[in-house]
file final.txt (compact mmCIF, C-alpha atoms)
# COMPACT_ATOMS: atom_id res chain seq x y z
CA MET A 19 0.00 0.00 0.00
CA ARG A 20 2.80 2.30 0.89
CA ALA A 21 4.56 1.55 -2.42
CA ALA A 22 1.39 2.26 -4.31
CA ILE A 23 1.00 5.60 -2.58
CA THR A 24 4.60 6.45 -3.33
CA ALA A 25 4.21 5.50 -6.98
CA GLY A 26 1.03 7.49 -7.15
CA ALA A 27 2.69 10.48 -5.58
CA LEU A 28 5.62 10.17 -7.98
CA GLY A 29 3.22 9.95 -10.89
CA ALA A 30 1.50 13.10 -9.75
CA LEU A 31 4.83 14.82 -9.37
CA VAL A 32 5.99 13.77 -12.85
CA GLY A 33 2.66 14.84 -14.26
CA ALA A 34 3.02 18.20 -12.59
CA MET A 35 6.54 18.64 -13.88
CA LEU A 36 5.50 17.74 -17.41
CA ALA A 37 2.55 20.05 -17.17
CA GLY A 38 4.97 22.73 -16.12
CA GLY A 39 7.01 22.13 -19.23
CA ILE A 40 10.03 20.89 -17.34
CA LEU A 41 12.21 18.62 -19.45
CA LEU A 42 13.53 15.58 -17.71
CA ALA A 43 16.89 14.09 -18.59
CA SER A 44 16.01 11.18 -16.37
CA ALA A 45 17.17 8.33 -18.59
CA GLN A 46 20.75 9.35 -19.03
CA ASN A 47 22.28 7.47 -16.18
CA GLN A 48 20.00 4.50 -16.15
CA ALA A 49 21.36 1.01 -16.35
CA GLY A 50 19.86 -2.33 -17.25
CA ASN A 51 21.35 -5.74 -16.65
CA VAL A 52 21.00 -9.09 -18.34
CA ALA A 53 22.63 -12.14 -16.82
CA ILE A 54 23.61 -15.04 -19.07
CA ASP A 55 23.01 -18.09 -16.98
CA ASN A 56 22.47 -21.72 -17.93
CA PHE A 57 22.36 -20.82 -21.63
CA THR A 58 19.53 -18.33 -21.12
CA PHE A 59 19.26 -14.56 -21.04
CA ASN A 60 17.77 -13.37 -17.78
CA PRO A 61 15.50 -11.51 -18.05
CA GLN A 62 14.69 -12.72 -21.52
CA ILE A 63 12.73 -9.54 -22.18
CA LEU A 64 14.21 -6.43 -20.60
CA THR A 65 12.27 -3.16 -20.79
CA VAL A 66 14.24 0.07 -20.40
CA LYS A 67 13.91 3.76 -21.18
CA ALA A 68 15.71 5.28 -24.15
CA GLY A 69 19.23 6.25 -23.23
CA THR A 70 19.74 3.25 -20.96
CA THR A 71 22.98 1.32 -21.06
CA VAL A 72 22.34 -2.41 -20.90
CA THR A 73 25.10 -4.70 -19.64
CA TRP A 74 25.21 -8.43 -20.28
CA THR A 75 27.28 -10.57 -17.91
CA ASN A 76 28.24 -14.13 -18.77
CA LYS A 77 27.80 -16.32 -15.68
CA ASP A 78 28.30 -19.60 -17.58
CA ASP A 79 31.39 -21.77 -17.84
CA ILE A 80 31.06 -21.53 -21.61
CA PRO A 81 31.64 -18.44 -23.74
CA HIS A 82 28.72 -16.63 -25.31
CA ALA A 83 28.39 -13.62 -27.63
CA ILE A 84 25.62 -11.08 -28.11
CA ALA A 85 24.42 -10.29 -31.63
CA ALA A 86 21.44 -8.12 -32.58
CA VAL A 87 19.13 -9.66 -35.15
CA GLY A 88 19.12 -6.29 -36.95
CA LYS A 89 22.94 -6.13 -36.66
CA LEU A 90 22.77 -2.89 -34.62
CA PHE A 91 25.14 -4.30 -32.03
CA LYS A 92 27.47 -7.26 -31.69
CA SER A 93 29.79 -8.17 -28.85
CA LYS A 94 33.13 -9.87 -28.91
CA VAL A 95 33.13 -13.32 -27.38
CA LEU A 96 32.37 -13.17 -23.65
CA ASP A 97 34.23 -15.65 -21.51
CA THR A 98 33.05 -16.40 -17.96
CA ASP A 99 32.33 -13.15 -16.03
CA ASN A 100 33.06 -10.96 -19.07
CA THR A 101 30.56 -8.19 -19.77
CA TYR A 102 29.31 -6.30 -22.80
CA SER A 103 27.41 -3.00 -22.74
CA PHE A 104 25.33 -1.18 -25.32
CA THR A 105 23.42 2.08 -24.93
CA PHE A 106 19.96 2.12 -26.48
CA ALA A 107 19.18 5.61 -27.75
CA THR A 108 16.05 4.95 -29.78
CA PRO A 109 12.74 3.37 -28.71
CA GLY A 110 11.91 0.02 -30.27
CA ALA A 111 12.12 -3.73 -29.72
CA TYR A 112 15.64 -5.10 -30.22
CA ALA A 113 15.81 -8.86 -30.68
CA TYR A 114 19.19 -10.47 -30.13
CA PHE A 115 20.72 -13.93 -29.83
CA CYS A 116 23.93 -15.70 -28.90
CA SER A 117 25.95 -16.05 -32.08
CA LEU A 118 27.56 -19.25 -30.73
CA HIS A 119 24.32 -20.81 -29.49
CA PRO A 120 21.59 -19.26 -31.61
CA HIS A 121 18.81 -21.06 -29.76
CA MET A 122 19.51 -18.52 -26.99
CA THR A 123 17.39 -15.45 -27.75
CA GLY A 124 16.34 -12.30 -25.92
CA THR A 125 14.79 -8.87 -26.50
CA VAL A 126 15.47 -5.41 -25.17
CA VAL A 127 12.35 -3.24 -25.36
CA VAL A 128 13.27 0.43 -25.33
CA GLU A 129 10.52 2.85 -24.37
CA ALA A 130 10.54 6.57 -24.89
CA ALA A 131 12.35 8.37 -22.11
CA THR A 132 10.09 10.01 -19.55
CA GLY A 133 10.62 13.47 -20.93
CA GLU A 134 9.36 12.44 -24.34
CA ALA A 135 6.38 10.49 -23.09
CA GLY A 136 2.93 11.45 -24.10
CA HIS A 137 3.91 14.13 -26.58
CA MET B 15 21.08 -50.37 -26.26
CA ARG B 16 17.83 -48.55 -26.56
CA GLU B 17 14.64 -50.52 -26.85
CA LYS B 18 13.68 -49.16 -30.24
CA ASP B 19 17.00 -50.24 -31.69
CA ARG B 20 16.46 -53.72 -30.42
CA GLU B 21 13.03 -53.82 -32.01
CA GLN B 22 14.43 -53.11 -35.42
CA GLY B 23 16.25 -56.41 -35.51
CA LEU B 24 18.37 -55.24 -38.42
CA ASN B 25 21.77 -56.69 -38.84
CA ARG B 26 23.43 -53.31 -38.82
CA ARG B 27 21.79 -52.46 -35.57
CA ARG B 28 22.89 -55.69 -34.03
CA VAL B 29 26.39 -54.97 -35.14
CA LEU B 30 26.16 -51.49 -33.70
CA GLU B 31 25.01 -52.97 -30.43
CA CYS B 32 28.33 -54.67 -30.19
CA MET B 33 30.14 -51.40 -30.11
CA THR B 34 31.68 -50.26 -26.94
CA TRP B 35 30.91 -46.78 -25.85
CA ALA B 36 33.63 -46.56 -23.33
CA GLY B 37 35.68 -43.86 -24.67
CA THR B 38 38.43 -41.92 -26.08
CA GLY B 39 37.92 -42.23 -29.78
CA VAL B 40 35.94 -43.98 -32.41
CA LEU B 41 37.63 -46.55 -34.57
CA TRP B 42 35.90 -46.70 -37.90
CA SER B 43 36.29 -49.59 -40.27
CA MET B 44 34.72 -49.60 -43.70
CA SER B 45 34.43 -52.27 -46.33
CA GLY B 46 32.11 -52.49 -49.23
CA GLY B 47 30.36 -49.34 -48.29
CA VAL B 48 28.42 -49.81 -45.08
CA PRO B 49 29.69 -48.99 -41.62
CA HIS B 50 30.13 -51.78 -39.17
CA SER B 51 31.48 -52.26 -35.74
CA LEU B 52 34.77 -53.89 -35.02
CA GLY B 53 33.98 -54.39 -31.38
CA LEU B 54 36.71 -53.74 -28.91
CA VAL B 55 40.03 -52.18 -29.66
CA ASP B 56 41.62 -55.59 -29.45
CA ALA B 57 39.29 -56.80 -32.17
CA ALA B 58 40.27 -53.80 -34.21
CA SER B 59 43.88 -54.76 -33.81
CA ALA B 60 43.11 -58.05 -35.46
CA GLN B 61 42.00 -56.31 -38.64
CA ALA B 62 44.02 -56.91 -41.73
CA ALA B 63 46.41 -54.10 -42.47
CA ARG B 64 44.83 -53.46 -45.86
CA ASP B 65 41.64 -52.17 -44.26
CA LEU B 66 41.31 -48.43 -44.07
CA THR B 67 41.37 -47.34 -40.46
CA PHE B 68 41.17 -43.76 -39.33
CA LEU B 69 40.55 -41.88 -36.11
CA GLN B 70 38.13 -39.22 -35.06
CA ILE B 71 38.92 -36.78 -32.29
CA SER B 72 36.70 -33.88 -31.39
CA ASP B 73 36.06 -30.93 -29.14
CA SER B 74 39.57 -30.48 -27.72
CA HIS B 75 38.57 -27.03 -26.35
CA VAL B 76 42.21 -26.21 -25.72
CA GLY B 77 42.18 -23.32 -23.25
CA PHE B 78 39.21 -24.60 -21.26
CA ASP B 79 40.12 -24.53 -17.55
CA LYS B 80 36.80 -24.53 -15.71
CA PRO B 81 35.84 -26.99 -12.93
CA ALA B 82 34.51 -29.61 -15.38
CA ASN B 83 38.14 -30.12 -16.44
CA PRO B 84 40.81 -27.64 -15.33
CA ASN B 85 43.32 -29.16 -17.75
CA ALA B 86 41.78 -29.75 -21.17
CA LEU B 87 45.22 -29.64 -22.78
CA GLY B 88 46.32 -32.47 -20.52
CA THR B 89 43.43 -34.73 -21.50
CA LEU B 90 44.07 -33.98 -25.18
CA GLU B 91 47.63 -35.08 -24.56
CA GLU B 92 46.33 -38.30 -23.01
CA ALA B 93 44.13 -38.89 -26.05
CA VAL B 94 47.12 -38.39 -28.33
CA GLY B 95 49.04 -40.85 -26.16
CA LYS B 96 46.28 -43.41 -26.82
CA ILE B 97 46.59 -42.81 -30.55
CA LYS B 98 50.37 -43.18 -30.50
CA ALA B 99 50.04 -46.46 -28.65
CA MET B 100 47.63 -48.03 -31.13
CA PRO B 101 48.87 -51.35 -32.49
CA ILE B 102 47.63 -50.54 -35.99
CA LYS B 103 48.62 -47.12 -37.20
CA PRO B 104 45.54 -45.30 -38.49
CA ALA B 105 45.74 -43.78 -41.97
CA PHE B 106 44.85 -40.31 -40.71
CA VAL B 107 42.87 -38.37 -38.12
CA ILE B 108 39.66 -36.41 -38.54
CA HIS B 109 39.10 -33.58 -36.05
CA THR B 110 35.47 -32.53 -35.90
CA GLY B 111 35.97 -29.06 -34.49
CA ASP B 112 36.25 -26.93 -31.37
CA ILE B 113 39.99 -27.35 -31.50
CA SER B 114 40.31 -24.25 -29.33
CA HIS B 115 38.05 -22.84 -26.64
CA LEU B 116 38.29 -19.13 -27.49
CA SER B 117 40.14 -19.05 -30.86
CA LYS B 118 43.28 -17.63 -29.27
CA VAL B 119 46.58 -17.97 -31.11
CA SER B 120 48.10 -19.62 -28.03
CA GLU B 121 45.28 -22.18 -27.92
CA PHE B 122 45.71 -23.14 -31.58
CA ASP B 123 49.49 -23.29 -31.01
CA ASP B 124 49.07 -25.64 -28.04
CA ALA B 125 46.58 -27.81 -29.91
CA ASP B 126 48.88 -28.09 -32.93
CA ARG B 127 51.87 -28.93 -30.74
CA ILE B 128 50.01 -31.82 -29.10
CA ILE B 129 48.03 -33.12 -32.07
CA SER B 130 51.09 -33.13 -34.34
CA GLN B 131 52.65 -35.68 -32.00
CA THR B 132 50.36 -38.29 -33.58
CA ARG B 133 52.57 -37.93 -36.69
CA LEU B 134 49.43 -38.44 -38.75
CA ASP B 135 47.68 -36.28 -41.31
CA VAL B 136 44.80 -34.47 -39.64
CA HIS B 137 41.71 -33.31 -41.53
CA PHE B 138 39.91 -30.57 -39.64
CA VAL B 139 36.51 -28.97 -39.77
CA PRO B 140 35.79 -25.97 -37.55
CA GLY B 141 33.53 -25.73 -34.52
CA GLU B 142 31.90 -22.50 -33.40
CA HIS B 143 34.70 -22.05 -30.85
CA ASP B 144 37.25 -21.86 -33.69
CA PHE B 145 35.72 -18.72 -35.24
CA LEU B 146 35.74 -16.43 -32.21
CA ASP B 147 38.61 -14.15 -33.24
CA GLU B 148 37.24 -10.89 -34.54
CA GLU B 149 38.31 -11.34 -38.12
CA GLN B 150 37.51 -15.06 -38.10
CA LYS B 151 40.77 -15.70 -39.88
CA LEU B 152 42.92 -17.80 -37.51
CA TYR B 153 41.17 -21.08 -38.29
CA ARG B 154 41.19 -20.43 -42.02
CA GLU B 155 44.86 -19.47 -42.04
CA ARG B 156 45.88 -22.63 -40.21
CA TYR B 157 43.49 -25.28 -41.42
CA GLY B 158 41.61 -23.81 -44.35
CA ARG B 159 44.17 -24.04 -47.13
CA GLY B 160 42.70 -25.55 -50.25
CA THR B 161 39.16 -25.47 -48.84
CA LYS B 162 36.08 -23.69 -50.12
CA GLY B 163 33.92 -21.09 -48.36
CA ALA B 164 34.27 -21.22 -44.60
CA GLY B 165 36.40 -24.38 -44.88
CA TRP B 166 34.53 -27.22 -46.61
CA TYR B 167 36.32 -29.76 -48.83
CA SER B 168 36.44 -33.38 -49.87
CA PHE B 169 39.13 -36.00 -50.45
CA ASP B 170 39.43 -39.68 -51.28
CA ALA B 171 41.19 -42.47 -49.44
CA GLU B 172 41.17 -46.16 -50.35
CA GLY B 173 38.06 -45.73 -52.49
CA VAL B 174 36.15 -43.95 -49.76
CA HIS B 175 34.98 -40.39 -50.43
CA PHE B 176 35.36 -38.07 -47.42
CA ILE B 177 33.46 -34.79 -47.19
CA GLY B 178 34.22 -32.16 -44.52
CA LEU B 179 31.37 -29.70 -44.03
CA VAL B 180 31.06 -26.46 -42.03
CA ASN B 181 27.81 -25.84 -40.14
CA VAL B 182 28.93 -23.26 -37.58
CA VAL B 183 28.84 -19.97 -39.52
CA ASP B 184 26.03 -17.53 -40.37
CA LEU B 185 23.84 -18.93 -37.63
CA ARG B 186 20.35 -17.47 -37.39
CA ALA B 187 18.60 -16.28 -34.21
CA GLY B 188 16.54 -19.10 -32.76
CA GLY B 189 18.05 -21.57 -35.20
CA LEU B 190 20.37 -24.56 -35.28
CA GLY B 191 23.59 -25.30 -37.17
CA ASN B 192 23.61 -24.12 -40.75
CA LEU B 193 25.26 -25.29 -43.98
CA GLY B 194 23.87 -22.66 -46.36
CA SER B 195 22.93 -22.80 -50.02
CA GLU B 196 26.45 -22.18 -51.35
CA GLN B 197 27.85 -25.18 -49.51
CA LEU B 198 24.90 -27.39 -50.46
CA ALA B 199 25.36 -26.44 -54.13
CA TRP B 200 29.03 -27.37 -53.82
CA LEU B 201 28.11 -30.70 -52.20
CA GLU B 202 25.69 -31.51 -55.00
CA THR B 203 28.43 -30.94 -57.58
CA ASP B 204 31.00 -32.79 -55.50
CA VAL B 205 29.04 -36.06 -55.42
CA LYS B 206 27.17 -35.77 -58.72
CA ASP B 207 29.37 -38.01 -60.86
CA ARG B 208 30.28 -40.56 -58.23
CA SER B 209 29.04 -44.11 -58.35
CA GLY B 210 26.39 -45.06 -55.80
CA SER B 211 28.68 -47.81 -54.57
CA THR B 212 31.28 -45.31 -53.36
CA PRO B 213 31.33 -45.32 -49.55
CA ILE B 214 30.76 -41.80 -48.25
CA VAL B 215 31.99 -40.38 -44.97
CA VAL B 216 30.68 -36.93 -44.07
CA PHE B 217 32.11 -35.08 -41.10
CA ALA B 218 31.04 -31.78 -39.55
CA HIS B 219 31.02 -30.24 -36.09
CA ILE B 220 27.35 -29.92 -35.11
CA PRO B 221 25.26 -33.07 -35.63
CA LEU B 222 23.68 -33.05 -39.09
CA TRP B 223 20.57 -34.68 -37.71
CA THR B 224 18.31 -33.18 -35.07
CA VAL B 225 19.47 -34.52 -31.73
CA TYR B 226 17.82 -31.97 -29.43
CA PRO B 227 16.67 -28.65 -30.91
CA GLU B 228 15.95 -27.16 -27.47
CA TRP B 229 19.72 -27.06 -26.99
CA GLY B 230 20.49 -26.22 -30.60
CA TRP B 231 21.80 -29.74 -31.25
CA GLY B 232 21.06 -30.16 -34.91
CA THR B 233 21.55 -28.58 -38.34
CA GLU B 234 18.66 -26.74 -39.97
CA ASP B 235 19.47 -27.75 -43.52
CA GLY B 236 21.25 -31.00 -42.59
CA GLY B 237 18.40 -32.94 -44.15
CA ARG B 238 19.14 -31.36 -47.52
CA ALA B 239 22.71 -32.64 -47.35
CA ILE B 240 21.50 -36.15 -46.47
CA GLU B 241 19.02 -35.99 -49.35
CA LEU B 242 21.93 -35.42 -51.76
CA LEU B 243 23.69 -38.51 -50.37
CA LYS B 244 20.77 -40.93 -50.09
CA ARG B 245 21.50 -42.76 -53.34
CA PHE B 246 24.83 -43.98 -51.99
CA GLY B 247 24.92 -47.45 -50.50
CA SER B 248 26.93 -46.41 -47.48
CA VAL B 249 26.90 -43.01 -45.83
CA THR B 250 28.55 -42.42 -42.49
CA VAL B 251 28.07 -39.07 -40.77
CA LEU B 252 30.56 -38.19 -38.04
CA ASN B 253 29.97 -35.23 -35.74
CA GLY B 254 31.08 -33.77 -32.42
CA HIS B 255 29.71 -30.75 -30.53
CA ILE B 256 27.57 -32.61 -27.99
CA HIS B 257 30.50 -34.19 -26.09
CA GLN B 258 28.94 -37.64 -25.82
CA VAL B 259 28.47 -40.71 -27.97
CA MET B 260 25.16 -40.87 -29.76
CA GLN B 261 24.11 -42.65 -32.89
CA LYS B 262 21.24 -43.23 -35.24
CA VAL B 263 20.83 -45.41 -38.32
CA GLU B 264 18.45 -44.32 -41.05
CA GLY B 265 18.40 -46.51 -44.15
CA ASN B 266 21.94 -46.50 -45.52
CA VAL B 267 22.96 -43.56 -43.37
CA THR B 268 24.69 -44.00 -40.04
CA PHE B 269 25.00 -40.95 -37.79
CA HIS B 270 27.51 -40.96 -34.98
CA THR B 271 28.86 -38.38 -32.55
CA ALA B 272 32.20 -38.70 -30.78
CA ARG B 273 33.21 -37.83 -27.26
CA SER B 274 35.16 -34.70 -26.46
CA THR B 275 38.71 -34.86 -25.17
CA ALA B 276 37.97 -31.90 -22.87
CA PHE B 277 34.75 -32.20 -20.86
CA PRO B 278 31.44 -34.10 -20.96
CA GLN B 279 28.05 -32.54 -21.56
CA PRO B 280 24.73 -33.79 -20.16
CA ALA B 281 22.42 -36.13 -22.06
CA PRO B 282 19.71 -34.17 -23.90
CA GLY B 283 17.21 -32.69 -21.50
CA SER B 284 18.84 -34.25 -18.44
CA ALA B 285 20.05 -30.90 -17.10
CA SER B 286 18.83 -27.32 -17.13
CA SER B 287 21.37 -26.44 -19.82
CA PRO B 288 23.96 -28.10 -22.07
CA GLY B 289 26.80 -26.54 -20.05
CA PRO B 290 29.92 -28.53 -19.09
CA LEU B 291 29.07 -31.47 -16.86
CA LYS B 292 31.08 -31.60 -13.66
CA VAL B 293 31.62 -35.19 -12.57
CA ALA B 294 33.78 -36.79 -9.89
CA ASP B 295 37.48 -36.50 -10.75
CA ASP B 296 37.88 -40.26 -11.00
CA LYS B 297 35.01 -40.48 -13.48
CA LEU B 298 36.03 -37.73 -15.89
CA ARG B 299 38.27 -39.84 -18.10
CA SER B 300 35.56 -42.43 -18.61
CA LEU B 301 33.50 -39.72 -20.32
CA LEU B 302 36.25 -38.35 -22.56
CA GLY B 303 37.64 -40.19 -25.53
CA ILE B 304 38.44 -40.76 -29.17
CA ALA B 305 36.83 -42.79 -31.91
CA ASN B 306 38.43 -45.35 -34.18
CA ILE B 307 36.78 -46.11 -37.50
CA SER B 308 37.63 -48.63 -40.16
CA PHE B 309 36.47 -49.83 -43.54
CA GLN B 310 37.09 -53.50 -43.96
CA GLN B 311 37.68 -54.74 -47.46
CA GLY B 312 35.16 -57.38 -48.45
CA LYS B 313 32.77 -56.56 -45.66
CA GLU B 314 29.85 -54.26 -45.82
CA ARG B 315 29.89 -52.21 -42.72
CA LEU B 316 32.00 -49.51 -41.24
CA ALA B 317 33.12 -50.16 -37.71
CA ILE B 318 33.15 -47.51 -35.05
CA ILE B 319 34.81 -48.02 -31.72
CA ASP B 320 34.64 -45.35 -29.08
CA THR B 321 37.45 -45.64 -26.61
CA PRO B 322 37.52 -43.68 -23.35
CA LEU B 323 40.68 -42.19 -21.92
CA GLN B 324 40.11 -44.51 -19.01
CA GLY B 325 37.74 -47.30 -18.01
call {"tool": "encode", "arguments": {"input": "final.txt", "output": "structure tokens"}}
result
Amino acid sequence: MRAAITAGALGALVGAMLAGGILLASAQNQAGNVAIDNFTFNPQILTVKAGTTVTWTNKDDIPHAIAAVGKLFKSKVLDTDNTYSFTFATPGAYAYFCSLHPHMTGTVVVEAATGEAGH
Amino acid sequence: MREKDREQGLNRRRVLECMTWAGTGVLWSMSGGVPHSLGLVDAASAQAARDLTFLQISDSHVGFDKPANPNALGTLEEAVGKIKAMPIKPAFVIHTGDISHLSKVSEFDDADRIISQTRLDVHFVPGEHDFLDEEQKLYRERYGRGTKGAGWYSFDAEGVHFIGLVNVVDLRAGGLGNLGSEQLAWLETDVKDRSGSTPIVVFAHIPLWTVYPEWGWGTEDGGRAIELLKRFGSVTVLNGHIHQVMQKVEGNVTFHTARSTAFPQPAPGSASSPGPLKVADDKLRSLLGIANISFQQGKERLAIIDTPLQG
């Protein structure tokens, strides 16, 4: 209940700020994480705001590599505990897979940053 | 042996039942075009010298040092020791890919240093772990001379036609291994004018038949390759990638996968992922191995013997 009130209050605040024409650069320092574990991307679908940097971390004992279906991004091979980051500037759904084990698939859904929402 | 194999009651299946799945390599023996089993290594030793005998090793993963086997180079060395000690010298070795773990120069160097101690010709095909350098050139520079495309080729030995295929490049999201139309067109041309009585041995890294698609263990257009080879009286398909012995017989086509020399992987669906299987230290070498294959003149089947490093 308390969380709901807080979220509601935040929503009201954001609404008020937008109404006041205040631009928010809220997405710039956001981060998203995807763990590669047991040959799966976790979470398999990650939703972030535009401008978010997403980092994949390989937790497996086998190397993996990240490749966007649309070829927008492609990592080098990631050995155990290696990471790869990509910053998503533009809203959209970005499907990707492991180029070594293509049955491993995931999607990053990028939503418009708060400041652009509803306009 | 699985129940369904027993039900078939075919001679080839009965012969295959005699194979030992203990280990290190597969000994293949071919005569007259159809694969058959020699039985134990000792039985293989009794083969006449004129039979064509060759070895398959696979999935060396040189550079792998995780708990499932902290010393993959050491177990490759043990496998090579087994090969050197064989009473009948094989004609050559086939390596079905994943020579290295991360396509590092040092890993390929180490692999070459050990494998060359067999003093045998080695015919390679790449695994997906051999194309991880950014320019994807190290494998091709070392092993790809005289090959087409990403490294496919064919050669003949003792009347047997050998075809090395590449199914680890240009993989599609959500998909399996992939040969591609260019390679399939080449294959069609390569076998077009050959007599149907020519024994065929095809080798590639990922299984050409669908073993377990949930783990990507199969080749999307593998069936198209098999279709091109169906008219031949004896087709033997040798693969690696899944780090365990598995086989299937379909008409004149025998499919067989070899053990890794580096680490075992779980049986399909028996674990949450196909990741390296950690077993007790004293059990590891019973799950690693090589395969010995021979064509026996005057007989119809190719023999495959899987020999573990130990046990």
call {"tool": "interface_residues", "arguments": {"input": "final.txt", "of": "chain B", "to": "chain A", "cutoff": "12 Å", "atoms": "all atoms listed in the file", "output": "PDB file with C-alpha atoms, in the coordinates of the input"}}
result
ATOM      1  CA  HIS B  75      38.570 -27.030 -26.350  1.00  0.00           C
ATOM      2  CA  GLY B  77      42.180 -23.320 -23.250  1.00  0.00           C
ATOM      3  CA  PHE B  78      39.210 -24.600 -21.260  1.00  0.00           C
ATOM      4  CA  ASP B  79      40.120 -24.530 -17.550  1.00  0.00           C
ATOM      5  CA  LYS B  80      36.800 -24.530 -15.710  1.00  0.00           C
ATOM      6  CA  PRO B  81      35.840 -26.990 -12.930  1.00  0.00           C
ATOM      7  CA  ALA B  82      34.510 -29.610 -15.380  1.00  0.00           C
ATOM      8  CA  ASN B  83      38.140 -30.120 -16.440  1.00  0.00           C
ATOM      9  CA  PRO B  84      40.810 -27.640 -15.330  1.00  0.00           C
ATOM     10  CA  ASP B 112      36.250 -26.930 -31.370  1.00  0.00           C
ATOM     11  CA  SER B 114      40.310 -24.250 -29.330  1.00  0.00           C
ATOM     12  CA  HIS B 115      38.050 -22.840 -26.640  1.00  0.00           C
ATOM     13  CA  LEU B 116      38.290 -19.130 -27.490  1.00  0.00           C
ATOM     14  CA  SER B 117      40.140 -19.050 -30.860  1.00  0.00           C
ATOM     15  CA  LYS B 118      43.280 -17.630 -29.270  1.00  0.00           C
ATOM     16  CA  GLY B 141      33.530 -25.730 -34.520  1.00  0.00           C
ATOM     17  CA  GLU B 142      31.900 -22.500 -33.400  1.00  0.00           C
ATOM     18  CA  HIS B 143      34.700 -22.050 -30.850  1.00  0.00           C
ATOM     19  CA  ASP B 144      37.250 -21.860 -33.690  1.00  0.00           C
ATOM     20  CA  PHE B 145      35.720 -18.720 -35.240  1.00  0.00           C
ATOM     21  CA  LEU B 146      35.740 -16.430 -32.210  1.00  0.00           C
ATOM     22  CA  ASP B 147      38.610 -14.150 -33.240  1.00  0.00           C
ATOM     23  CA  GLU B 148      37.240 -10.890 -34.540  1.00  0.00           C
ATOM     24  CA  GLU B 149      38.310 -11.340 -38.120  1.00  0.00           C
ATOM     25  CA  GLN B 150      37.510 -15.060 -38.100  1.00  0.00           C
ATOM     26  CA  ASN B 181      27.810 -25.840 -40.140  1.00  0.00           C
ATOM     27  CA  VAL B 182      28.930 -23.260 -37.580  1.00  0.00           C
ATOM     28  CA  VAL B 183      28.840 -19.970 -39.520  1.00  0.00           C
ATOM     29  CA  ASP B 184      26.030 -17.530 -40.370  1.00  0.00           C
ATOM     30  CA  LEU B 185      23.840 -18.930 -37.630  1.00  0.00           C
ATOM     31  CA  ARG B 186      20.350 -17.470 -37.390  1.00  0.00           C
ATOM     32  CA  ALA B 187      18.600 -16.280 -34.210  1.00  0.00           C
ATOM     33  CA  GLY B 188      16.540 -19.100 -32.760  1.00  0.00           C
ATOM     34  CA  GLY B 189      18.050 -21.570 -35.200  1.00  0.00           C
ATOM     35  CA  LEU B 190      20.370 -24.560 -35.280  1.00  0.00           C
ATOM     36  CA  GLY B 191      23.590 -25.300 -37.170  1.00  0.00           C
ATOM     37  CA  ASN B 192      23.610 -24.120 -40.750  1.00  0.00           C
ATOM     38  CA  ILE B 220      27.350 -29.920 -35.110  1.00  0.00           C
ATOM     39  CA  TYR B 226      17.820 -31.970 -29.430  1.00  0.00           C
ATOM     40  CA  PRO B 227      16.670 -28.650 -30.910  1.00  0.00           C
ATOM     41  CA  GLU B 228      15.950 -27.160 -27.470  1.00  0.00           C
ATOM     42  CA  TRP B 229      19.720 -27.060 -26.990  1.00  0.00           C
ATOM     43  CA  GLY B 230      20.490 -26.220 -30.600  1.00  0.00           C
ATOM     44  CA  TRP B 231      21.800 -29.740 -31.250  1.00  0.00           C
ATOM     45  CA  GLY B 232      21.060 -30.160 -34.910  1.00  0.00           C
ATOM     46  CA  THR B 233      21.550 -28.580 -38.340  1.00  0.00           C
ATOM     47  CA  GLU B 234      18.660 -26.740 -39.970  1.00  0.00           C
ATOM     48  CA  HIS B 255      29.710 -30.750 -30.530  1.00  0.00           C
ATOM     49  CA  PHE B 277      34.750 -32.200 -20.860  1.00  0.00           C
ATOM     50  CA  GLN B 279      28.050 -32.540 -21.560  1.00  0.00           C
ATOM     51  CA  ALA B 285      20.050 -30.900 -17.100  1.00  0.00           C
ATOM     52  CA  SER B 286      18.830 -27.320 -17.130  1.00  0.00           C
ATOM     53  CA  SER B 287      21.370 -26.440 -19.820  1.00  0.00           C
ATOM     54  CA  PRO B 288      23.960 -28.100 -22.070  1.00  0.00           C
ATOM     55  CA  GLY B 289      26.800 -26.540 -20.050  1.00  0.00           C
ATOM     56  CA  PRO B 290      29.920 -28.530 -19.090  1.00  0.00           C
ATOM     57  CA  LEU B 291      29.070 -31.470 -16.860  1.00  0.00           C
ATOM     58  CA  LYS B 292      31.080 -31.600 -13.660  1.00  0.00           C
TER      59      LYS B 292
END
call {"tool": "atom_distance", "arguments": {"input": "final.txt", "atom1": "CA of Ala218 in chain B", "atom2": "CA of Leu252 in chain B"}}
result
6.6 Å
call {"tool": "atom_distance", "arguments": {"input": "final.txt", "atom1": "CA of Val128 in chain A", "atom2": "CA of Asn76 in chain A"}}
result
21.9 Å
call {"tool": "closest_residue", "arguments": {"input": "final.txt", "among": "A:Trp74, A:Val52, A:Pro109, A:Phe104", "to": "Thr132 in chain A", "atoms": "only C-alpha atoms"}}
result
A:Pro109
call {"tool": "residues_near_point", "arguments": {"input": "final.txt", "point": "(11.2, 8.0, -27.1)", "cutoff": "6 Å", "atoms": "all atoms listed in the file", "output": "list in words"}}
result
Pro109, Glu129, Ala130, Ala131 and Glu134 of chain A
call {"tool": "closest_residue", "arguments": {"input": "final.txt", "among": "B:Val267, B:Leu301, B:Val251, B:Ile129", "to": "Phe106 in chain B", "atoms": "only C-alpha atoms"}}
result
B:Ile129
call {"tool": "residues_near_point", "arguments": {"input": "final.txt", "point": "(22.6, -37.7, -51.0)", "cutoff": "10 Å", "atoms": "all atoms listed in the file", "output": "number ranges by chain"}}
result
B: 201-202, 205-206, 210, 214, 237-246, 249, 267
